[in-house]
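Undergrad: Sharing model10.txt below, compact mmCIF, C-alpha atoms and all ligand atoms:
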# COMPACT_ATOMS: atom_id res chain seq x y z
CA MET B 1 19.15 6.14 -21.60
CA ASP B 2 20.56 5.95 -18.14
CA ARG B 3 19.37 5.65 -14.60
CA CYS B 4 17.78 8.75 -13.18
CA LEU B 5 20.16 9.50 -10.35
CA PRO B 6 23.90 9.58 -9.89
CA GLU B 7 25.02 7.30 -7.06
CA ALA B 8 25.60 10.21 -4.65
CA GLN B 9 21.92 11.13 -4.82
CA GLN B 10 20.46 7.67 -4.47
CA PRO B 11 17.97 7.33 -1.63
CA PRO B 12 19.18 5.24 1.27
CA HIS B 13 18.56 1.54 1.46
CA PRO B 14 15.29 0.96 3.38
CA GLY B 15 17.22 -0.25 6.42
CA ALA B 16 19.75 2.58 6.42
CA PRO B 17 19.53 5.66 8.66
CA PRO B 18 18.20 8.80 6.94
CA GLU B 19 20.75 11.13 5.36
CA GLU B 20 20.77 14.88 4.88
CA ALA B 21 20.17 15.99 1.29
CA THR B 22 23.03 18.21 0.16
CA ALA B 23 23.33 18.14 -3.63
CA GLY B 24 21.81 20.50 -6.18
CA PRO B 25 20.36 23.99 -6.07
CA PRO B 26 17.94 24.83 -3.22
CA ALA B 27 14.77 23.85 -5.04
CA GLU B 28 16.17 20.46 -6.00
CA SER B 29 17.59 19.74 -2.56
CA ASP B 30 14.24 20.71 -1.03
CA LYS B 31 12.58 18.25 -3.36
CA ILE B 32 15.03 15.50 -2.43
CA ALA B 33 14.79 16.32 1.29
CA SER B 34 11.02 16.13 1.16
CA SER B 35 11.19 12.82 -0.68
CA LEU B 36 13.63 11.42 1.84
CA HIS B 37 11.33 12.66 4.56
CA SER B 38 8.48 10.72 2.97
CA LEU B 39 10.73 7.64 2.88
CA GLN B 40 11.12 7.91 6.64
CA LYS B 41 7.35 7.71 7.11
CA PHE B 42 7.47 4.02 6.31
CA VAL B 43 8.84 1.27 8.43
CA PRO B 44 11.87 -0.09 6.57
CA THR B 45 11.11 -3.37 4.86
CA GLU B 46 13.60 -5.89 6.19
CA TYR B 47 14.05 -8.86 3.92
CA ALA B 48 16.96 -11.23 4.52
CA SER B 49 18.06 -11.07 0.89
CA TYR B 50 17.53 -8.76 -2.03
CA THR B 51 18.32 -8.82 -5.71
CA GLN B 52 18.56 -5.88 -8.08
CA GLU B 53 16.60 -6.58 -11.25
CA HIS B 54 17.03 -4.44 -14.37
CA TYR B 55 14.21 -3.35 -16.67
CA GLN B 56 14.07 -0.98 -19.64
CA PHE B 57 10.93 1.04 -20.28
CA ALA B 58 10.10 4.51 -21.57
CA GLY B 59 13.74 5.08 -22.56
CA LYS B 60 15.05 4.52 -19.04
CA LYS B 61 16.96 1.81 -17.32
CA ILE B 62 14.97 0.95 -14.19
CA ILE B 63 16.49 -0.96 -11.30
CA ILE B 64 14.07 -2.65 -8.93
CA GLN B 65 15.10 -4.01 -5.57
CA GLU B 66 13.29 -7.32 -5.22
CA SER B 67 13.08 -10.09 -2.64
CA ILE B 68 11.51 -13.51 -3.08
CA GLU B 69 10.39 -13.34 0.55
CA SER B 70 7.15 -11.51 -0.30
CA TYR B 71 4.61 -11.61 -3.14
CA GLY B 72 4.75 -7.83 -3.01
CA ALA B 73 8.50 -7.60 -3.45
CA VAL B 74 8.87 -9.21 -6.87
CA VAL B 75 7.79 -7.95 -10.28
CA TRP B 76 5.06 -10.15 -11.73
CA PRO B 77 4.39 -10.82 -15.44
CA GLY B 78 1.29 -8.59 -15.45
CA ALA B 79 3.48 -5.64 -14.47
CA THR B 80 5.90 -5.95 -17.38
CA ALA B 81 2.97 -6.41 -19.78
CA LEU B 82 1.21 -3.32 -18.43
CA CYS B 83 4.44 -1.28 -18.62
CA GLN B 84 4.89 -2.35 -22.24
CA TYR B 85 1.34 -1.24 -23.00
CA LEU B 86 1.77 2.09 -21.22
CA GLU B 87 4.97 2.96 -23.06
CA GLU B 88 3.52 1.97 -26.44
CA HIS B 89 0.26 3.91 -25.90
CA SER B 90 1.29 6.82 -23.67
CA GLU B 91 0.05 9.52 -26.07
CA GLU B 92 -3.23 7.77 -26.84
CA LEU B 93 -3.78 7.29 -23.09
CA ASN B 94 -2.87 10.94 -22.49
CA LEU B 95 -0.62 10.05 -19.58
CA GLN B 96 1.04 13.46 -19.29
CA ASP B 97 -0.19 14.89 -15.95
CA ALA B 98 -2.86 12.18 -15.71
CA LYS B 99 -3.88 11.27 -12.16
CA ILE B 100 -3.15 7.62 -11.55
CA LEU B 101 -3.57 5.30 -8.60
CA GLU B 102 -2.02 1.85 -8.63
CA ILE B 103 -3.43 -0.81 -6.33
CA GLY B 104 -1.24 -3.69 -5.15
CA ALA B 105 1.79 -1.88 -6.57
CA GLY B 106 4.28 -4.35 -5.07
CA PRO B 107 7.86 -3.30 -5.85
CA GLY B 108 6.56 -0.45 -8.00
CA LEU B 109 7.61 -1.05 -11.62
CA VAL B 110 4.26 0.02 -13.12
CA SER B 111 4.07 3.18 -11.00
CA ILE B 112 7.65 4.08 -11.93
CA VAL B 113 6.97 3.71 -15.65
CA ALA B 114 3.73 5.72 -15.39
CA SER B 115 5.67 8.47 -13.54
CA ILE B 116 8.43 8.53 -16.14
CA LEU B 117 5.72 8.88 -18.79
CA GLY B 118 4.54 12.06 -17.05
CA ALA B 119 1.65 10.94 -14.84
CA GLN B 120 0.91 12.00 -11.24
CA VAL B 121 1.05 8.65 -9.52
CA THR B 122 -0.04 7.32 -6.16
CA ALA B 123 1.28 3.80 -5.57
CA THR B 124 -0.58 1.80 -2.92
CA ASP B 125 -0.23 -1.54 -1.20
CA LEU B 126 -0.30 -3.30 2.17
CA PRO B 127 1.74 -1.66 4.97
CA ASP B 128 4.58 -4.19 5.01
CA VAL B 129 5.31 -3.66 1.32
CA LEU B 130 5.51 0.13 1.41
CA GLY B 131 9.13 0.54 2.55
CA ASN B 132 10.57 -1.32 -0.43
CA LEU B 133 7.99 0.28 -2.74
CA GLN B 134 8.98 3.79 -1.62
CA TYR B 135 12.67 2.93 -1.97
CA ASN B 136 12.24 1.75 -5.57
CA LEU B 137 10.07 4.72 -6.51
CA LEU B 138 12.54 7.26 -5.20
CA LYS B 139 15.54 5.49 -6.63
CA ASN B 140 14.05 5.50 -10.12
CA THR B 141 12.10 8.75 -10.32
CA LEU B 142 13.96 11.46 -8.38
CA GLU B 143 15.01 14.21 -10.81
CA CYS B 144 13.64 12.53 -13.91
CA THR B 145 9.89 12.90 -13.52
CA ALA B 146 7.64 15.95 -13.64
CA HIS B 147 5.69 14.62 -10.67
CA LEU B 148 7.26 12.61 -7.88
CA PRO B 149 5.10 9.54 -7.20
CA GLU B 150 3.49 9.19 -3.79
CA VAL B 151 3.10 6.07 -1.71
CA LYS B 152 0.02 5.38 0.39
CA GLU B 153 -1.35 2.44 2.29
CA LEU B 154 -4.46 0.99 0.70
CA VAL B 155 -5.79 -2.27 2.07
CA TRP B 156 -8.51 -3.47 -0.31
CA GLY B 157 -11.96 -2.69 1.00
CA LYS B 158 -10.70 -1.04 4.19
CA ASP B 159 -11.55 2.53 5.24
CA LEU B 160 -11.85 3.70 1.64
CA ASP B 161 -14.28 6.51 2.55
CA GLN B 162 -11.91 7.87 5.20
CA ASN B 163 -8.63 7.44 3.33
CA PHE B 164 -9.77 8.21 -0.21
CA PRO B 165 -12.86 10.44 0.04
CA LYS B 166 -14.44 10.81 -3.39
CA SER B 167 -14.75 14.58 -3.00
CA THR B 168 -10.94 14.90 -2.72
CA PHE B 169 -9.50 12.02 -4.69
CA TYR B 170 -10.21 11.64 -8.37
CA TYR B 171 -8.20 9.39 -10.66
CA ASP B 172 -8.07 9.22 -14.46
CA TYR B 173 -6.64 5.72 -14.27
CA ILE B 174 -6.63 2.90 -11.76
CA LEU B 175 -3.79 0.51 -12.59
CA ALA B 176 -3.63 -3.06 -11.35
CA SER B 177 -1.28 -5.86 -12.34
CA ASP B 178 -1.45 -9.43 -11.09
CA VAL B 179 -3.69 -8.53 -8.18
CA VAL B 180 -5.96 -11.49 -8.95
CA TYR B 181 -4.48 -14.80 -7.87
CA HIS B 182 -5.27 -17.35 -5.18
CA HIS B 183 -6.21 -15.18 -2.19
CA TYR B 184 -9.24 -14.47 -0.02
CA PHE B 185 -9.73 -10.80 -0.81
CA LEU B 186 -11.11 -10.93 -4.35
CA ASP B 187 -14.49 -9.45 -3.36
CA LYS B 188 -12.74 -6.63 -1.47
CA LEU B 189 -10.49 -6.06 -4.46
CA LEU B 190 -13.50 -5.67 -6.75
CA THR B 191 -15.20 -3.38 -4.22
CA THR B 192 -12.04 -1.24 -4.24
CA MET B 193 -11.90 -1.03 -8.03
CA VAL B 194 -15.57 0.01 -8.08
CA TYR B 195 -15.14 2.52 -5.24
CA LEU B 196 -12.16 4.25 -6.89
CA SER B 197 -13.97 4.62 -10.22
CA GLN B 198 -15.73 7.90 -10.82
CA PRO B 199 -17.11 9.23 -14.11
CA GLY B 200 -14.18 9.31 -16.54
CA THR B 201 -11.99 6.87 -14.58
CA VAL B 202 -10.51 3.99 -16.57
CA VAL B 203 -9.30 0.80 -14.89
CA LEU B 204 -6.36 -0.90 -16.63
CA TRP B 205 -5.99 -4.40 -15.22
CA ALA B 206 -3.30 -6.80 -16.44
CA ASN B 207 -3.29 -10.34 -15.14
CA LYS B 208 -1.68 -13.68 -15.73
CA PHE B 209 -4.57 -16.13 -15.93
CA ARG B 210 -3.81 -19.36 -14.11
CA PHE B 211 -6.78 -20.53 -12.03
CA SER B 212 -10.55 -20.91 -12.53
CA THR B 213 -10.93 -18.26 -9.79
CA ASP B 214 -9.15 -15.77 -12.09
CA TYR B 215 -11.91 -16.30 -14.68
CA GLU B 216 -14.61 -16.10 -11.99
CA PHE B 217 -13.19 -12.70 -11.00
CA LEU B 218 -13.17 -11.65 -14.66
CA GLY B 219 -16.87 -12.55 -14.85
CA LYS B 220 -17.66 -10.34 -11.84
CA PHE B 221 -15.43 -7.57 -13.24
CA LYS B 222 -17.47 -7.66 -16.47
CA GLN B 223 -20.73 -7.39 -14.49
CA ASN B 224 -19.51 -4.13 -12.97
CA PHE B 225 -17.40 -2.63 -15.75
CA ASP B 226 -17.82 -2.16 -19.49
CA THR B 227 -14.83 -4.30 -20.37
CA THR B 228 -12.51 -4.32 -23.39
CA LEU B 229 -9.65 -6.75 -23.93
CA LEU B 230 -6.82 -4.37 -24.91
CA ALA B 231 -3.95 -6.81 -25.37
CA GLU B 232 -2.90 -10.40 -24.90
CA TYR B 233 0.61 -11.65 -24.24
CA PRO B 234 0.47 -15.39 -25.05
CA GLU B 235 4.08 -15.99 -24.01
CA SER B 236 3.17 -15.10 -20.41
CA SER B 237 -0.61 -15.84 -20.45
CA VAL B 238 -1.23 -12.21 -19.50
CA LYS B 239 -4.39 -10.44 -20.61
CA LEU B 240 -4.86 -6.70 -20.27
CA PHE B 241 -8.37 -5.31 -19.78
CA LYS B 242 -9.80 -1.84 -19.80
CA GLY B 243 -12.82 -1.33 -17.55
CA ILE B 244 -15.17 1.62 -17.25
CA LEU B 245 -17.67 1.41 -14.42
CA LYS B 246 -21.28 0.79 -15.47
CA TRP B 247 -23.41 3.57 -14.05
CA ASP B 248 -26.92 2.20 -14.75
C1 LIG C 301 1.20 -10.76 -7.02
S1 LIG C 301 1.64 -9.24 -6.29
C2 LIG C 301 1.70 -8.14 -7.69
C3 LIG C 301 2.61 -6.97 -7.47
C4 LIG C 301 2.72 -6.00 -8.65
N1 LIG C 301 1.44 -5.41 -8.97
C5 LIG C 301 3.29 -6.69 -9.87
O1 LIG C 301 2.50 -7.05 -10.76
O2 LIG C 301 4.50 -6.87 -9.92
C6 LIG C 301 0.09 -8.75 -5.51
C7 LIG C 301 0.16 -7.45 -4.76
O3 LIG C 301 -1.11 -7.20 -4.16
C8 LIG C 301 -0.91 -6.81 -2.82
N2 LIG C 301 -2.07 -7.21 -2.00
C9 LIG C 301 -2.46 -8.47 -1.71
N3 LIG C 301 -3.55 -8.45 -0.92
C10 LIG C 301 -3.84 -7.15 -0.70
C11 LIG C 301 -4.86 -6.49 0.05
N4 LIG C 301 -5.77 -7.17 0.74
N5 LIG C 301 -4.86 -5.14 0.06
C12 LIG C 301 -3.93 -4.44 -0.64
N6 LIG C 301 -2.94 -5.02 -1.38
C13 LIG C 301 -2.89 -6.36 -1.39
C14 LIG C 301 0.35 -7.55 -2.40
O4 LIG C 301 0.98 -6.96 -1.29
C15 LIG C 301 1.19 -7.48 -3.65
O5 LIG C 301 1.98 -6.33 -3.71
Here is the file; what I need is its structure written in the form of structure tokens.
TA:
Amino acid sequence: MDRCLPEAQQPPHPGAPPEEATAGPPAESDKIASSLHSLQKFVPTEYASYTQEHYQFAGKKIIIQESIESYGAVVWPGATALCQYLEEHSEELNLQDAKILEIGAGPGLVSIVASILGAQVTATDLPDVLGNLQYNLLKNTLECTAHLPEVKELVWGKDLDQNFPKSTFYYDYILASDVVYHHYFLDKLLTTMVYLSQPGTVVLWANKFRFSTDYEFLGKFKQNFDTTLLAEYPESSVKLFKGILKWD
């Protein structure tokens, strides 16, 4: 019931210069070196202030570096609800080795929990969020997951054919938490959910419902996906839906 990594093997802070990986037998240090290499692919996210927030899911203490300076650098209520659902239903969802893509992953809590539960995870978001996302993923999954999660840029509706060709990329689950709020990209978000769904793909979308536009999006979601309400969390106004793309 502890954090995944001893302090000496923590990945560097996003703003820090890269370090050499030294600890562990060759295979492990290769793994760490390659993860640190992937960290360097992203421009460090520079927020003026950070906090370290503690969560507990799937038997692990998870520490997320957050900053109130970006929507994508704080954990939203939909994320904790989705994590709770994943940990309570991991066997039923068959998460072991499942291929998962998270859209709008933000600081990464959902992707971390899915990784700890055994899934092969790709966490995606806008470019400026990726440094902090990668930092949190590495900090919480190195040496305690079967599959190290990946981080990729995915701007809703943009270059999906080029960046995620259907012949190469197949996902069992698309995860999304609190991606529907007051913004101008709701149609592109829906297009992305539809694009990433292939036969057998399940979308799990958790959202705090606040605005009439949230319900308008739900209406459009239901037009495109066979939709089931899986859970409701009245204390946070979060609803969790399962969607399977309609093929007719
Ligand atoms: C409210 S935050 C939710 C973050 C995280 N899923 C959670 O629940 O804690 C919305 C996320 O969607 C991302 N986002 C917003 N617009 C986007 C777009 N056009 N393309 C890709 N991601 C976007 C933001 O960067 C942010 O990480």
Undergrad: List as a ChimeraX atom specification the protein and nucleic acid residues lying within 10 Å of ligand LIG 301 (chain C), with all atoms listed in the file counted.
TA: /B:66,70-83,102-111,123-130,133,153-158,175-189,192,205-208
Undergrad: For a test of reading the model, state the distance in Å between CA of Lys220 in chain B and CA of Leu93 in chain B, rounded to one decimal.
TA: 25.1 Å
Undergrad: Using all atoms listed in the file for the distances, tell me which of B:Leu137, B:Leu245, B:Val238, B:Ala114 is nearest to Gly200 in chain B.
TA: B:Leu245
Undergrad: Taking 2 positions as the minimum chain separation for residues in the same chain, which residues sit within 10 Å of range 97-100 of chain B when counting all atoms listed in the file? Answer as a ChimeraX atom specification.
TA: /B:93-95,102-103,111,114-115,117-123,146-147,149,169-175,201-203
Undergrad: Set the distance at 10 Å and use only C-alpha atoms: which residues neighbour Leu230 in chain B once local chain neighbours fewer than 5 positions away are removed? I'd like the list as a ChimeraX atom specification.
TA: /B:85,204-206,239-243
Undergrad: Go ahead and compute the interatomic distance for CA of Ile64 in chain B and CA of Glu46 in chain B, in Å to one decimal.
TA: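 Result for CA of Ile64 in chain B versus CA of Glu46 in chain B: 15.5 Å, one decimal.
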